[in-house]
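Notes follow once the structure below has been shown.
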Amino acid sequence: MQKPIKILMLVENLPVPADPRVWKEATALHEAGFQVCVISPKGTTRQQEPYICIDGIHIYRYQLPTTANRGGAYLKEYSTALLMTFLLSLKIWFRHGFDVIHAANPPDVFFLLGWCYRLLGKKYIFDQHDLAPEMFQVKFKGRMHLLLRLLLICEWCSYRVAHIVIVTNLSQKWNATERGGCPPHKVMVVRNGPDLTRLQPTATDPELKRGRPYLLAYVGVMGVQDGIENALYALQRLVYQRRRQDVSLVLMGSGDHLSTLQALTHELRLDDYVNFTGWVESAEMTRYLCAADIGLCPDPQNGLNEYCTMLKAMEYMAMRKPVVAFDLTETRFSAQDAALYAAPNSVEDFTRKIEMLLEDEQLRMQLGIYGRNRIETALCWEQSKEHLLNVYQRLFPAHFESVTVGEAAFVAQHSEAKGTNYRDNSIATVCKKI
């Protein structure tokens, strides 16, 4: 019997399984017959175990230093992440072994490990979630040009070291081929679709609306690049300029911009209208989205967000919620007719689009139904998972051949017991009957 292919996944941006994309990838690969280990940082309040095995996936965690919005702090964070990841990779190599490193960004420094292990015959996949140089520019507003240059070099090296580059959309593929010089056949798109098994509309809990008829919702990371202050400014206009005391806002998530947003909420006199929940479990997020009337994507046009696929927009759509967003390329590709689009960075237009939906229940339902259908037919994780498995099929075709033959043998044995003859069919046809 052929030994399973062993995968080592690296992530620094979030702990696992809190990182939704990495966890969906790890789960999909484990279900496809791969052995999966993950190295990630520890959480701040939860997911702090140095080792845990969840659903057959081995997770090793390390402690990261506290990050401030200074260049030196990021250098310290990324240096610590690189060192601890290297040490844990050695531990995993001797304890479990691995055949391929699957590294998620940011940061783009794991190519150093990829290069070292390539010398030992390992494969390396660069899974580019975000454009790190653009993110740096947004956070530091054009300062520290030397560090920006270093990030561009790291991105270029990541493209070169990788056997295959995974990106989340066509905008990022264009970046990889044009700026990064990657051959197009080396870059594969695996979109960040929502998992419909955990996002199913249920009965609304009216208590979550906190006594008001309408609830706006945001879910996701709270960083300076995410523009959540735009949602707060829009709410202030609704409450104090348009005299609407019938609407509140729930903000689910956390990040290094959280304290600034909480202070701004107080400054805008919105404490009674805004609920900061912190990170919530999937079931709790689903409860809030069921109760919500509109999902918000306040991400501004800033040279980064135009290239990003917003998972939160698709989570709103999966829950049949209409979306209000700024008109950004990849957001419009994802949501299409499930959203109303405000002129980029215009809080006044963003507010106007929210009020338009608040005033029109039929429009809210129409956009919500379209969004759910788009997720089910084109953008759900079940669709994206097939593209992820295609990446691994290119690297390890023998694994998929052995799985296919094993499935075919099972079907033949099972059907023979039921008196059905599949023996004249091809393996491909047989597998379609599973």
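Going by the structure tokens order, chains are called A, B, ..., each with residues numbered from 1, while ligands are numbered from 1 in the order shown.
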Considering only C-alpha atoms, give me a table of residues in segment 319-369 of chain A that are at most 7 Å from segment 218-242 of chain A, with the closest atom pair and distance in Å for each, as a tab-separated table.
residue	atom	partner	partner_atom	distance
A:Val347	CA	A:Ala234	CA	6.1
A:Phe350	CA	A:Ala234	CA	6.8
A:Thr351	CA	A:Ala234	CA	4.9
Store the residues of this selection in a file with C-alpha atoms, as a PDB file, in the first residue's frame.
ATOM      1  CA  VAL A 347     -18.731  57.673   3.188  1.00  0.00           C
ATOM      2  CA  PHE A 350     -21.867  54.399   1.442  1.00  0.00           C
ATOM      3  CA  THR A 351     -24.427  55.784   3.915  1.00  0.00           C
TER       4      THR A 351
END
* If you count only C-alpha atoms, which residues fall within 12 Å of Met356 of chain A, apart from same-chain ones fewer than 2 positions away, as JSON, numbers by chain? -> {"A": [238, 294, 322, 323, 324, 339, 340, 341, 342, 349, 350, 351, 352, 353, 354, 358, 359, 360, 361, 362, 363, 364]}
* May I have the residues within 12 Å of Gln393 of chain A as a PyMOL selection string, using only C-alpha atoms and disregarding those fewer than 4 positions away in the same chain? => chain A and resi 5+29+32+34+164+386-389+397-404
* To do: Report the residues of segment 190-420 of chain A whose backbone DSSP state falls under alpha helix (DSSP H), written as a ChimeraX atom specification.
  => /A:228-236,258-267,282-291,311-318,329-335,347-358,361-374,381-395,397-417
* Pick out the residues sitting within 12 Å of Val250 of chain A, and hand them over as a PyMOL selection string; count only C-alpha atoms, and ignore anything fewer than 6 positions along from it in its own chain. => chain A and resi 208-210+214-220+228+231-232+235+270-280+285+287-289+291-296
Dump as a compact mmCIF listing (two decimals), in the first residue's frame, selection limited to N, CA and C atoms:
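Output file part_10.txt is given in full below:
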# COMPACT_ATOMS: atom_id res chain seq x y z
N LEU A 208 -30.63 39.71 19.43
CA LEU A 208 -29.34 40.18 18.93
C LEU A 208 -29.44 41.57 18.32
N LYS A 209 -30.65 42.02 18.02
CA LYS A 209 -30.83 43.37 17.47
C LYS A 209 -30.86 44.44 18.56
N ARG A 210 -30.86 44.01 19.81
CA ARG A 210 -30.76 44.92 20.95
C ARG A 210 -31.87 45.98 20.94
N TYR A 214 -33.43 47.24 12.89
CA TYR A 214 -32.46 46.89 11.86
C TYR A 214 -31.07 46.69 12.47
N LEU A 215 -30.36 45.72 11.90
CA LEU A 215 -29.00 45.41 12.36
C LEU A 215 -28.05 45.35 11.17
N LEU A 216 -26.99 46.13 11.23
CA LEU A 216 -25.90 46.06 10.26
C LEU A 216 -24.81 45.17 10.83
N ALA A 217 -24.07 44.47 9.97
CA ALA A 217 -23.07 43.52 10.46
C ALA A 217 -21.76 43.65 9.70
N TYR A 218 -20.67 43.49 10.45
CA TYR A 218 -19.33 43.36 9.88
C TYR A 218 -18.67 42.17 10.55
N VAL A 219 -17.97 41.35 9.78
CA VAL A 219 -17.22 40.23 10.35
C VAL A 219 -15.86 40.16 9.69
N GLY A 220 -14.80 40.03 10.51
CA GLY A 220 -13.47 39.90 9.92
C GLY A 220 -12.40 40.59 10.75
N ILE A 228 -12.85 49.98 8.78
CA ILE A 228 -14.07 49.84 9.59
C ILE A 228 -14.56 51.19 10.10
N ALA A 231 -17.61 52.39 8.33
CA ALA A 231 -18.90 51.91 8.82
C ALA A 231 -19.38 52.74 10.00
N LEU A 232 -18.44 53.14 10.87
CA LEU A 232 -18.82 53.95 12.03
C LEU A 232 -19.26 55.35 11.60
N LEU A 235 -22.70 55.04 10.18
CA LEU A 235 -23.70 54.89 11.24
C LEU A 235 -23.98 56.22 11.92
N LEU A 270 -21.59 56.74 19.72
CA LEU A 270 -22.27 55.57 19.17
C LEU A 270 -22.23 54.36 20.09
N ASP A 271 -21.83 54.56 21.35
CA ASP A 271 -21.67 53.42 22.25
C ASP A 271 -22.95 52.59 22.38
N ASP A 272 -24.11 53.24 22.34
CA ASP A 272 -25.38 52.52 22.48
C ASP A 272 -25.81 51.83 21.20
N TYR A 273 -25.10 52.10 20.11
CA TYR A 273 -25.51 51.58 18.80
C TYR A 273 -24.55 50.53 18.25
N VAL A 274 -23.38 50.36 18.89
CA VAL A 274 -22.35 49.47 18.35
C VAL A 274 -22.03 48.38 19.37
N ASN A 275 -21.93 47.15 18.89
CA ASN A 275 -21.59 46.00 19.72
C ASN A 275 -20.32 45.36 19.17
N PHE A 276 -19.21 45.48 19.93
CA PHE A 276 -17.96 44.79 19.59
C PHE A 276 -18.00 43.43 20.27
N THR A 277 -18.05 42.36 19.49
CA THR A 277 -18.14 41.01 20.08
C THR A 277 -16.78 40.35 20.27
N GLY A 278 -15.73 40.85 19.61
CA GLY A 278 -14.48 40.10 19.53
C GLY A 278 -14.66 38.93 18.57
N TRP A 279 -13.64 38.04 18.54
CA TRP A 279 -13.77 36.85 17.70
C TRP A 279 -14.85 35.94 18.26
N VAL A 280 -15.70 35.43 17.42
CA VAL A 280 -16.77 34.54 17.84
C VAL A 280 -16.65 33.22 17.09
N MET A 285 -21.32 33.44 14.97
CA MET A 285 -21.30 34.32 13.81
C MET A 285 -22.55 34.09 12.95
N ARG A 287 -25.45 33.03 13.94
CA ARG A 287 -26.60 33.60 14.63
C ARG A 287 -26.71 35.09 14.36
N TYR A 288 -25.60 35.80 14.45
CA TYR A 288 -25.63 37.25 14.22
C TYR A 288 -25.97 37.57 12.76
N LEU A 289 -25.40 36.80 11.83
CA LEU A 289 -25.70 37.08 10.42
C LEU A 289 -27.14 36.74 10.08
N ALA A 291 -29.58 37.30 12.07
CA ALA A 291 -30.35 38.43 12.61
C ALA A 291 -30.10 39.72 11.83
N ALA A 292 -28.97 39.81 11.15
CA ALA A 292 -28.60 41.05 10.46
C ALA A 292 -29.48 41.27 9.24
N ASP A 293 -29.61 42.55 8.88
CA ASP A 293 -30.36 42.93 7.68
C ASP A 293 -29.45 43.26 6.51
N ILE A 294 -28.22 43.75 6.80
CA ILE A 294 -27.28 44.15 5.76
C ILE A 294 -25.88 43.80 6.21
N GLY A 295 -25.07 43.27 5.30
CA GLY A 295 -23.65 43.03 5.57
C GLY A 295 -22.81 44.15 4.98
N LEU A 296 -21.83 44.62 5.74
CA LEU A 296 -21.02 45.77 5.32
C LEU A 296 -19.61 45.35 4.93
What lies within 12 Å of segment 56-59 of chain A using only C-alpha atoms, ignoring chain neighbours under 2 positions off, as a compact mmCIF listing (two decimals) with C-alpha atoms, in the first residue's frame?
# COMPACT_ATOMS: atom_id res chain seq x y z
CA LYS A 6 2.74 14.31 4.02
CA ILE A 7 2.07 18.05 3.98
CA LEU A 8 3.49 20.71 6.30
CA MET A 9 1.43 23.91 6.24
CA LEU A 10 2.93 27.18 7.52
CA VAL A 11 0.94 30.24 8.59
CA PRO A 15 -3.58 30.86 14.73
CA VAL A 16 -5.03 27.65 13.36
CA PRO A 17 -7.87 26.69 13.19
CA ALA A 18 -8.93 30.36 13.57
CA VAL A 22 -5.86 27.59 6.06
CA TRP A 23 -8.20 25.38 8.06
CA LYS A 24 -10.43 24.69 5.06
CA GLU A 25 -7.37 23.81 3.00
CA ALA A 26 -5.96 21.55 5.72
CA THR A 27 -9.29 19.77 6.16
CA ALA A 28 -9.77 19.29 2.42
CA LEU A 29 -6.30 17.82 2.00
CA HIS A 30 -6.72 15.52 5.00
CA GLU A 31 -10.02 14.27 3.58
CA GLY A 33 -5.89 11.18 1.93
CA PHE A 34 -2.93 13.42 2.77
CA GLN A 35 -1.29 13.58 6.19
CA VAL A 36 -1.36 17.21 7.34
CA CYS A 37 0.67 19.07 9.97
CA VAL A 38 0.33 22.81 10.58
CA ILE A 39 2.64 25.35 12.23
CA SER A 40 1.00 28.57 13.39
CA PRO A 41 1.29 31.19 16.13
CA LYS A 42 -0.66 30.89 19.37
CA GLN A 47 -5.88 28.35 20.89
CA GLN A 48 -2.75 28.58 23.03
CA GLU A 49 -1.84 24.89 23.26
CA PRO A 50 1.69 24.26 21.90
CA TYR A 51 0.40 21.04 20.30
CA ILE A 52 -3.06 19.73 19.55
CA CYS A 53 -4.53 17.24 17.09
CA ILE A 54 -7.94 18.24 15.69
CA ARG A 61 2.01 26.52 17.80
CA TYR A 62 4.58 29.05 18.96
CA THR A 85 8.75 27.82 12.38
CA LEU A 88 9.17 23.28 14.75
CA SER A 89 9.63 22.09 11.17
CA ILE A 92 7.80 17.65 12.68
CA ARG A 95 8.27 13.05 14.33
CA HIS A 96 5.96 12.85 11.30
CA GLY A 97 7.98 13.62 8.18
Considering only C-alpha atoms, tabulate each residue of segment 48-88 of chain A that lies at most 8 Å from segment 101-116 of chain A along with its nearest interatomic pair and the corresponding distance in Å to one decimal; arrange the rows by chain and ascending residue number and present them as CSV.
residue,atom,partner,partner_atom,distance
A:Tyr78,CA,A:Pro107,CA,7.1
A:Leu82,CA,A:Phe110,CA,6.8
A:Phe86,CA,A:Leu113,CA,6.9
